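Down below is the structure, laid out as structure tokens.
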Amino acid sequence: MPSAQLPYRGRVQAQGADIDVDQKGGYSQSWARSEPVTDVEGLDFLAKIEGQCSDTQRKEREFSFKRARRFVQNASKAGGVSPEAQPHSFEDPKRTIPDARVDIEIHSGITFVPADKQR
Amino acid sequence: MTVSLIHGQQILGSDDCNRVREELANLAVDLAQLDDNIQFFSAILALATQNQAEIALGVLGRKIIEANHQINENILWLLLASILSRSDITIDSPIRISILGLTTCVKDWQSPIFALLTPALDSFLMVSLEQGTPLIAEQTLDFISTWAESYAKAPRTLEIFSRFKSLARSVLKQIDDEELKDEWTEGLVQFEKIASKASKEKYSNPGIWSSANDLLERIYPRKDLNADRRPVKALLLRRITSCLAAIEATVDNVDARRHRGVSVVVRIDNPENNNSWSVGASAIDKIERLFEEIANVLDIRGISTFSPVRSVPGSWVQFLHMNLSSNESTKLGKAIALLSSEEDIDNKERQDLEENINNEKRQEIVRSWRDCATLLKRENLKVDLAISTNEPELYLVSSISTEDLPPMEDSEQARIIVLSHDVPQADSLEKVLILVSFFIQYKSSIEIIREKFLDESENSSRNFSYYRKATEILGLVDWRSHPTNVSVVLNGLPTEEKKMRFLASQFLSSNIGSSWLKWSNVNDLSDIQSDSAYEFLIEVCPSLSENTAKRRARTLKSWLEVFHQYW
């Protein structure tokens with residue numbers, strides 16, 4: 001099945017002008033699969049893009065990552081969220097780079113389901 | 001690709017949510033240009049089912065991220081206003097999360113078009129904070145504390161600010177992540193500081209009264225408005241009207257005089273473009289009368305007339321004020337709020353309101369509103385009416401509109417229709433005569449007249465209202481409670497026989513008497529059958545319930561029987 005037709009699709013991204021210099025379009029982890037993404041996997045995706053950030057880039061987005069993780073955890077407590085619960089971009093009001101942010105995009109399927117129930 | 005009406009209907013016609021989402025995601029959306037596709041999304045957000053609106057807003061949220069939050073201000077306003085024009089968004093709807101993707105794009109909440117939406121957004125967010133799931137409540141808190149500086153500057157009353165603050169604080173208390181809690185606390189403190197200052201200051205940009213109307217007129221020009229877009233425009237106008245009433249309370253909150261009372265906004269739309277003063281003034285008179293009738297039902301004694309506050313130049317958007325005590329404002333406000341949720345029987349808010357107004361009074365209030373709306377519609381006017389008081393629950397009240405009533409058919413305009421306030425409910429013509437004499441004797445004080453009448457006739461306060469209405473129906477007292485010349489002539493007649501004959505003549509020239517004559521297809525009062533009163537009322541006065549029609553038919557029958565003796 002082409003990836004665009006798989007029922008569970010989405011991505012997490014760390015974006016901003018400071019990242020564009022190294023990686024045009026930002027650091028990103030996307031998924032297109034037949035099984036829902038769990039909260040553990042969601043947190044892992046976020047950890048991966050956070051790991052790709054330099055210290056300065058991470059510092060710019062420290063609060064943003066915290067809030068994105070919290071969104072995943074709360075979504076899991078609710079049993080997962082649909083693409084209709086599209087969260088706003090997570091930006092830090094104290095950032096120095098104007099467009100520094102972390103995004104969670106849920107394109108299709110219930111996402112961030114609790115890992116313990118998924119098993 | 002531009003979406004056509006048929007294509008749009010095809011997209012929304014599918015029962016498969018995934019398919020609808022994919023089709024919407026595939027539509028080209030230019031967030032810099034307000035084109036047909038944007039208007040299509042706006043229509044879904046305002047008018048489609050909640051499920052379809054949820055899908056559309058989720059899709060838009062991702063498109064905004066893809067566009068790096070570059071979105072034209074007018075588009076942003078239109079989409080936000082479209083969502084906020086819905087009054088049916090459930091407490092667990094994902095719209096409560098995805099709407100924040102739009103609110104975070106607003107750069108200046110003090111700019112008139114966005115400031116105007118603040119009452120609606122504040123109310124929406126307060127529900128999310130108070131009743132939303134933990135995810136919804138925390139996302140809302142995240143918006144408030146992270147975008148504190150801009151949103152805090154939006155105009156709101158001190159009462160709303162206090163409520164907002166307390167709800168946000170109670171969500172904050174539940175946060176179990178200390179680091180996050182500290183960060184959000186810092187943001188919230190900043191929000192509170194700025195919002196407190198802004199609430200005490202007067203919002204001063206005069207553009208707030210007309211900019212949203214003007215923008216909407218540019219988006220949906222009256223002269224080439226398609227039938228499918230008309231309902232969206234009407235819905236947005238109604239939301240604008242209720243926000244204007246709330247903002248009116250906000251900007252004037254430094255003026256002690258306006259601390260007491262009800263802010264009223266009336267929007268009159270005349271499709272025939274007859275903008276003469278008399279058309280609008282007569283509509284305002286009818287609405288003032290409606291308020292007076294509701295006040296009578298609720299035993300509000302301090303009811304006064306409307307004071308003009310401002311109007312939007314070149315339009316029939318009128319800002320009025322009714323100076324009442326806080327308690328009276330709340331009573332009156334609740335009655336209007338009840339009318340605005342009349343159709344929505346499951347609405348919790350409505351149940352709360354109903355606890356304060358019993359069923360009989362509610363029916364009378366609804367009848368008064370229907371009478372008023374019928375009169376306005378007979379003049380081919382579309383009127384939206386919104387109110388606001390300082391009471392937080394009555395800060396933003398959905399507007400009521402003549403359009404809530406079914407359209408009047410041509411045959412209906414031609415047939416005999418009597419309004420409930422044309423029909424008397426005061427059996428004793430002797431007591432009518434007593435009341436008229438008091439109106440002549442004590443013309444300066446309605447309170448003295450009421451007291452004297454109640455003493456004399458051992459009647460209840462409610463009955464005073466019915467007898468007062470009877471004197472108006474017979475043309476003896478005008479609707480400002482001044483005795484007419486006719487009443488002076490009547491009062492001067494030497495015998496009861498002459499007085500009753502005179503009253504019979506007045507009855508024939510009243511709406512109810514002449515309609516009964518016409519309905520009976522006769523030419524003389526003596527030919528009207530008193531037993532036909534109930535059948536007559538049921539047929540010509542559809543706003544009366546069966547029980548009320550029976551009650552009022554009794555009055556008509558007793559009057560007619562007296563008149564027949566003297567005619």
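Residues in the structure tokens are numbered from 1 in each chain, the chains being A, B, ... in the order shown, and ligands are numbered from 1 in the order shown.
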
Inset, instruction - For chain A, report every residue with an atom at most 10 Å from chain B (counting only C-alpha atoms), formatted as a VMD selection string. - result: chain A and resid 4 to 5 7 15 to 16 63 66 to 67 70 to 78 81 to 94 99 103 to 109

For the selection just defined, write its residues with N, CA, C and O atoms to a file, as a compact mmCIF listing (two decimals), in the first residue's frame.
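After the write, selection_19.txt holds the following:
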```txt
# COMPACT_ATOMS: atom_id res chain seq x y z
N ALA A 4 1.02 7.07 1.40
CA ALA A 4 -0.02 8.11 1.55
C ALA A 4 -1.39 7.51 1.88
O ALA A 4 -2.30 8.22 2.29
N GLN A 5 -1.54 6.21 1.67
CA GLN A 5 -2.85 5.58 1.96
C GLN A 5 -2.87 4.82 3.27
O GLN A 5 -3.89 4.26 3.66
N PRO A 7 -3.14 4.06 7.14
CA PRO A 7 -4.11 4.74 8.01
C PRO A 7 -3.52 5.61 9.12
O PRO A 7 -4.22 6.47 9.64
N GLN A 15 11.60 23.21 14.04
CA GLN A 15 11.83 24.12 12.92
C GLN A 15 12.33 25.48 13.39
O GLN A 15 12.27 25.80 14.57
N GLY A 16 12.77 26.28 12.42
CA GLY A 16 13.20 27.64 12.73
C GLY A 16 14.41 28.02 11.89
O GLY A 16 15.10 27.14 11.34
N PHE A 63 11.53 24.73 26.40
CA PHE A 63 10.14 24.83 26.88
C PHE A 63 9.17 24.20 25.86
O PHE A 63 8.21 23.53 26.21
N LYS A 66 9.23 20.47 26.13
CA LYS A 66 8.52 20.05 27.36
C LYS A 66 7.01 20.01 27.10
O LYS A 66 6.32 19.08 27.49
N ARG A 67 6.51 21.06 26.45
CA ARG A 67 5.06 21.15 26.22
C ARG A 67 4.59 20.14 25.18
O ARG A 67 3.49 19.59 25.28
N ARG A 70 4.34 16.91 26.96
CA ARG A 70 3.14 16.93 27.80
C ARG A 70 1.89 16.65 26.95
O ARG A 70 0.97 15.96 27.38
N PHE A 71 1.88 17.21 25.73
CA PHE A 71 0.73 16.98 24.84
C PHE A 71 0.61 15.48 24.55
O PHE A 71 -0.50 14.90 24.62
N VAL A 72 1.74 14.84 24.24
CA VAL A 72 1.72 13.40 23.93
C VAL A 72 1.22 12.62 25.15
O VAL A 72 0.37 11.72 25.02
N GLN A 73 1.73 12.97 26.33
CA GLN A 73 1.32 12.24 27.55
C GLN A 73 -0.18 12.41 27.83
O GLN A 73 -0.88 11.45 28.14
N ASN A 74 -0.66 13.65 27.70
CA ASN A 74 -2.09 13.89 27.94
C ASN A 74 -2.96 13.21 26.88
O ASN A 74 -4.05 12.72 27.19
N ALA A 75 -2.46 13.23 25.62
CA ALA A 75 -3.21 12.56 24.55
C ALA A 75 -3.34 11.08 24.87
O ALA A 75 -4.41 10.48 24.70
N SER A 76 -2.27 10.50 25.37
CA SER A 76 -2.27 9.07 25.71
C SER A 76 -3.27 8.78 26.83
O SER A 76 -4.00 7.78 26.78
N LYS A 77 -3.30 9.68 27.82
CA LYS A 77 -4.25 9.48 28.93
C LYS A 77 -5.70 9.49 28.42
O LYS A 77 -6.58 8.87 29.03
N ALA A 78 -5.91 10.21 27.32
CA ALA A 78 -7.27 10.26 26.75
C ALA A 78 -7.51 9.10 25.79
O ALA A 78 -8.54 9.05 25.12
N VAL A 81 -5.30 10.68 20.29
CA VAL A 81 -6.07 11.79 19.70
C VAL A 81 -6.19 11.62 18.18
O VAL A 81 -5.33 10.99 17.55
N SER A 82 -7.25 12.21 17.64
CA SER A 82 -7.48 12.14 16.19
C SER A 82 -6.79 13.33 15.51
O SER A 82 -6.37 14.27 16.20
N PRO A 83 -6.71 13.31 14.18
CA PRO A 83 -6.10 14.46 13.48
C PRO A 83 -6.86 15.76 13.73
O PRO A 83 -6.35 16.84 13.47
N GLU A 84 -8.10 15.62 14.24
CA GLU A 84 -8.88 16.84 14.48
C GLU A 84 -8.37 17.61 15.70
O GLU A 84 -8.64 18.80 15.84
N ALA A 85 -7.64 16.90 16.58
CA ALA A 85 -7.07 17.60 17.74
C ALA A 85 -5.66 18.07 17.37
O ALA A 85 -4.68 17.75 18.04
N GLN A 86 -5.59 18.85 16.30
CA GLN A 86 -4.29 19.33 15.82
C GLN A 86 -3.76 20.40 16.78
O GLN A 86 -4.37 21.47 16.92
N PRO A 87 -2.63 20.11 17.47
CA PRO A 87 -2.15 21.13 18.42
C PRO A 87 -1.50 22.32 17.71
O PRO A 87 -1.02 22.19 16.59
N HIS A 88 -1.52 23.45 18.39
CA HIS A 88 -0.81 24.63 17.86
C HIS A 88 0.69 24.40 17.95
O HIS A 88 1.14 23.48 18.66
N SER A 89 1.46 25.20 17.23
CA SER A 89 2.92 25.07 17.30
C SER A 89 3.39 25.38 18.72
O SER A 89 2.84 26.27 19.37
N PHE A 90 4.39 24.67 19.18
CA PHE A 90 4.94 24.95 20.52
C PHE A 90 6.12 25.90 20.36
O PHE A 90 7.16 25.51 19.84
N GLU A 91 5.91 27.12 20.77
CA GLU A 91 6.97 28.15 20.70
C GLU A 91 7.26 28.64 22.11
O GLU A 91 6.36 28.67 22.95
N ASP A 92 8.49 29.04 22.33
CA ASP A 92 8.87 29.56 23.65
C ASP A 92 8.76 31.09 23.61
O ASP A 92 9.38 31.73 22.75
N PRO A 93 7.95 31.69 24.50
CA PRO A 93 7.84 33.16 24.44
C PRO A 93 9.18 33.87 24.64
O PRO A 93 9.34 35.02 24.22
N LYS A 94 10.15 33.16 25.26
CA LYS A 94 11.45 33.82 25.50
C LYS A 94 12.46 33.51 24.40
O LYS A 94 13.65 33.80 24.55
N ASP A 99 11.11 32.29 14.72
CA ASP A 99 10.25 31.18 14.29
C ASP A 99 10.70 29.83 14.87
O ASP A 99 10.34 28.77 14.34
N ASP A 103 6.70 21.26 16.25
CA ASP A 103 5.35 20.99 15.75
C ASP A 103 5.02 19.50 15.84
O ASP A 103 5.89 18.65 15.63
N ILE A 104 3.78 19.24 16.14
CA ILE A 104 3.26 17.87 16.05
C ILE A 104 2.14 17.92 15.01
O ILE A 104 1.22 18.72 15.14
N GLU A 105 2.26 17.12 13.98
CA GLU A 105 1.20 17.08 12.96
C GLU A 105 0.62 15.67 12.90
O GLU A 105 1.36 14.71 12.69
N ILE A 106 -0.68 15.57 13.09
CA ILE A 106 -1.34 14.26 13.00
C ILE A 106 -2.19 14.29 11.73
O ILE A 106 -3.19 15.01 11.67
N HIS A 107 -1.73 13.56 10.72
CA HIS A 107 -2.45 13.61 9.43
C HIS A 107 -3.57 12.60 9.34
O HIS A 107 -4.58 12.84 8.69
N SER A 108 -3.38 11.46 9.97
CA SER A 108 -4.42 10.43 9.84
C SER A 108 -4.33 9.43 10.99
O SER A 108 -3.22 9.08 11.44
N GLY A 109 -5.46 8.99 11.46
CA GLY A 109 -5.53 7.93 12.46
C GLY A 109 -5.37 8.40 13.90
O GLY A 109 -4.82 9.47 14.17
```

For the structure I just gave you, how does DSSP split range 23-88 of chain A - specifically, which residues are alpha helix (DSSP H)? Reply as a tab-separated table (two decimals) with N, CA and C atoms, in the first residue's frame.
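Dumped everything to out28.tsv:
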```
chain	number	residue	atom	x	y	z
A	39	ASP	N	2.22	6.40	22.75
A	39	ASP	CA	2.81	7.53	23.47
A	39	ASP	C	4.33	7.36	23.60
A	40	VAL	N	4.75	6.11	23.84
A	40	VAL	CA	6.19	5.86	24.01
A	40	VAL	C	6.92	6.19	22.70
A	41	GLU	N	6.31	5.77	21.61
A	41	GLU	CA	6.94	6.06	20.30
A	41	GLU	C	6.93	7.57	20.02
A	42	GLY	N	5.83	8.21	20.37
A	42	GLY	CA	5.73	9.66	20.16
A	42	GLY	C	6.81	10.39	20.93
A	43	LEU	N	6.99	9.98	22.18
A	43	LEU	CA	8.03	10.63	23.00
A	43	LEU	C	9.41	10.34	22.43
A	44	ASP	N	9.55	9.13	21.88
A	44	ASP	CA	10.82	8.74	21.29
A	44	ASP	C	11.12	9.59	20.03
A	45	PHE	N	10.08	9.81	19.22
A	45	PHE	CA	10.27	10.67	18.03
A	45	PHE	C	10.72	12.06	18.46
A	46	LEU	N	10.09	12.57	19.51
A	46	LEU	CA	10.46	13.91	19.98
A	46	LEU	C	11.90	13.91	20.49
A	47	ALA	N	12.25	12.83	21.21
A	47	ALA	CA	13.62	12.74	21.75
A	47	ALA	C	14.62	12.72	20.61
A	48	LYS	N	14.26	12.05	19.52
A	48	LYS	CA	15.18	11.96	18.38
A	48	LYS	C	15.43	13.33	17.76
A	49	ILE	N	14.36	14.08	17.52
A	49	ILE	CA	14.61	15.39	16.89
A	49	ILE	C	15.27	16.36	17.89
A	50	GLU	N	14.98	16.16	19.15
A	50	GLU	CA	15.65	17.00	20.16
A	50	GLU	C	17.14	16.67	20.16
A	51	GLY	N	17.43	15.39	20.00
A	51	GLY	CA	18.83	14.93	19.96
A	51	GLY	C	19.56	15.48	18.75
A	52	GLN	N	18.82	15.72	17.67
A	52	GLN	CA	19.47	16.25	16.46
A	52	GLN	C	19.81	17.73	16.60
A	55	ASP	N	23.20	22.28	20.97
A	55	ASP	CA	22.88	22.77	22.33
A	55	ASP	C	22.09	24.09	22.25
A	56	THR	N	22.56	24.98	21.35
A	56	THR	CA	21.88	26.29	21.24
A	56	THR	C	20.46	26.12	20.71
A	57	GLN	N	20.33	25.25	19.70
A	57	GLN	CA	18.98	25.04	19.12
A	57	GLN	C	18.06	24.40	20.16
A	58	ARG	N	18.63	23.49	20.96
A	58	ARG	CA	17.83	22.80	21.99
A	58	ARG	C	17.38	23.81	23.06
A	59	LYS	N	18.32	24.69	23.42
A	59	LYS	CA	18.02	25.69	24.45
A	59	LYS	C	16.86	26.59	24.00
A	60	GLU	N	16.89	26.95	22.71
A	60	GLU	CA	15.82	27.78	22.14
A	60	GLU	C	14.46	27.10	22.26
A	62	GLU	N	13.69	24.45	24.53
A	62	GLU	CA	13.58	23.62	25.74
A	62	GLU	C	12.13	23.56	26.24
A	63	PHE	N	11.53	24.73	26.40
A	63	PHE	CA	10.14	24.83	26.88
A	63	PHE	C	9.17	24.20	25.86
A	64	SER	N	9.49	24.41	24.57
A	64	SER	CA	8.62	23.87	23.52
A	64	SER	C	8.61	22.35	23.57
A	65	PHE	N	9.77	21.75	23.72
A	65	PHE	CA	9.83	20.28	23.79
A	65	PHE	C	9.06	19.76	25.02
A	66	LYS	N	9.23	20.47	26.13
A	66	LYS	CA	8.52	20.05	27.36
A	66	LYS	C	7.01	20.01	27.10
A	67	ARG	N	6.51	21.06	26.45
A	67	ARG	CA	5.06	21.15	26.22
A	67	ARG	C	4.59	20.14	25.18
A	68	ALA	N	5.46	19.87	24.19
A	68	ALA	CA	5.10	18.85	23.18
A	68	ALA	C	5.02	17.48	23.84
A	69	ARG	N	5.97	17.22	24.74
A	69	ARG	CA	5.94	15.91	25.45
A	69	ARG	C	4.67	15.81	26.31
A	70	ARG	N	4.34	16.91	26.96
A	70	ARG	CA	3.14	16.93	27.80
A	70	ARG	C	1.89	16.65	26.95
A	71	PHE	N	1.88	17.21	25.73
A	71	PHE	CA	0.73	16.98	24.84
A	71	PHE	C	0.61	15.48	24.55
A	72	VAL	N	1.74	14.84	24.24
A	72	VAL	CA	1.72	13.40	23.93
A	72	VAL	C	1.22	12.62	25.15
A	73	GLN	N	1.73	12.97	26.33
A	73	GLN	CA	1.32	12.24	27.55
A	73	GLN	C	-0.18	12.41	27.83
A	74	ASN	N	-0.66	13.65	27.70
A	74	ASN	CA	-2.09	13.89	27.94
A	74	ASN	C	-2.96	13.21	26.88
A	75	ALA	N	-2.46	13.23	25.62
A	75	ALA	CA	-3.21	12.56	24.55
A	75	ALA	C	-3.34	11.08	24.87
A	76	SER	N	-2.27	10.50	25.37
A	76	SER	CA	-2.27	9.07	25.71
A	76	SER	C	-3.27	8.78	26.83
A	77	LYS	N	-3.30	9.68	27.82
A	77	LYS	CA	-4.25	9.48	28.93
A	77	LYS	C	-5.70	9.49	28.42
```

Inset, instruction - Could you give me, as a list of chain:residue names, each residue of range 1-82 of chain A that DSSP assigns to strand (DSSP E) when run on this structure's backbone? - result: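 Those in range 1-82 of chain A that DSSP calls strand (DSSP E) are A:Tyr8, A:Arg9, A:Gly10, A:Arg11, A:Val12, A:Gln13, A:Ala14, A:Gln15, A:Tyr27, A:Ser28, A:Gln29, A:Ser30, A:Trp31, A:Ala32, A:Arg33.
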
Inset, instruction - Mind giving me the straight-line distance from CA of Phe191 in chain B to CA of Ala120 in chain B in Å, one decimal? - result: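 According to the coordinates, CA of Phe191 in chain B and CA of Ala120 in chain B are separated by 18.4 Å.
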
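CA of Val127 in chain B lies 20.9 Å from CA of Leu47 in chain B.
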
Legend entry - Residues within 9 Å of Val29 in chain B, only C-alpha atoms, excluding chain neighbours under 2 positions, as an NGL selection string: :B and (1-2 or 25-27 or 31-33 or 35 or 37-38 or 60 or 63)

Hey, can you spit out that residue selection with N, CA and C atoms as a JSON list (two decimals), in the first residue's frame?
```
[["chain", "number", "residue", "atom", "x", "y", "z"],
["B", 1, "MET", "N", -6.92, 24.16, -7.12],
["B", 1, "MET", "CA", -8.28, 23.85, -7.57],
["B", 1, "MET", "C", -9.30, 24.61, -6.71],
["B", 2, "THR", "N", -10.22, 25.26, -7.39],
["B", 2, "THR", "CA", -11.25, 25.98, -6.65],
["B", 2, "THR", "C", -12.46, 25.09, -6.47],
["B", 25, "ALA", "N", -7.85, 18.17, 2.59],
["B", 25, "ALA", "CA", -6.40, 18.40, 2.62],
["B", 25, "ALA", "C", -5.86, 18.60, 1.21],
["B", 26, "ASN", "N", -6.53, 17.98, 0.22],
["B", 26, "ASN", "CA", -6.06, 18.11, -1.16],
["B", 26, "ASN", "C", -6.46, 19.43, -1.81],
["B", 27, "LEU", "N", -7.40, 20.14, -1.18],
["B", 27, "LEU", "CA", -7.80, 21.43, -1.77],
["B", 27, "LEU", "C", -6.66, 22.43, -1.61],
["B", 31, "LEU", "N", -3.31, 30.84, 1.96],
["B", 31, "LEU", "CA", -3.63, 31.57, 3.19],
["B", 31, "LEU", "C", -3.33, 33.07, 3.07],
["B", 32, "ALA", "N", -2.93, 33.47, 1.83],
["B", 32, "ALA", "CA", -2.67, 34.90, 1.62],
["B", 32, "ALA", "C", -3.83, 35.55, 0.87],
["B", 33, "GLN", "N", -4.73, 34.74, 0.33],
["B", 33, "GLN", "CA", -5.77, 35.30, -0.51],
["B", 33, "GLN", "C", -7.16, 34.79, -0.14],
["B", 35, "ASP", "N", -10.12, 33.67, -1.08],
["B", 35, "ASP", "CA", -10.81, 33.22, -2.29],
["B", 35, "ASP", "C", -11.96, 32.26, -1.96],
["B", 37, "ASN", "N", -12.09, 29.04, -1.97],
["B", 37, "ASN", "CA", -11.77, 27.90, -1.10],
["B", 37, "ASN", "C", -11.78, 28.30, 0.38],
["B", 38, "ILE", "N", -11.26, 29.48, 0.65],
["B", 38, "ILE", "CA", -11.28, 29.96, 2.04],
["B", 38, "ILE", "C", -12.74, 30.14, 2.48],
["B", 60, "LEU", "N", -6.99, 22.75, 8.41],
["B", 60, "LEU", "CA", -6.48, 24.13, 8.36],
["B", 60, "LEU", "C", -5.29, 24.31, 9.30],
["B", 63, "LYS", "N", -2.31, 23.10, 7.60],
["B", 63, "LYS", "CA", -1.94, 23.98, 6.48],
["B", 63, "LYS", "C", -1.24, 25.24, 7.01]]
```

Legend entry - Point-to-point distance from CA of Leu338 in chain B to CA of Gln131 in chain B, Å rounded to tenths: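 Those two atoms sit 21.6 Å apart.
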
Legend entry - Of the listed residues A:Thr96, A:Thr38, A:Thr111, A:Ser30, that which approaches Ser3 in chain A most closely, counting only C-alpha atoms: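 Result for the nearest residue to Ser3 in chain A: A:Ser30.
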
Legend entry - Selection near Leu167 in chain B, 9 Å with only C-alpha atoms, sequence-local residues under 3 positions removed, as a ChimeraX atom specification: /B:126,129-130,162-164,170-172
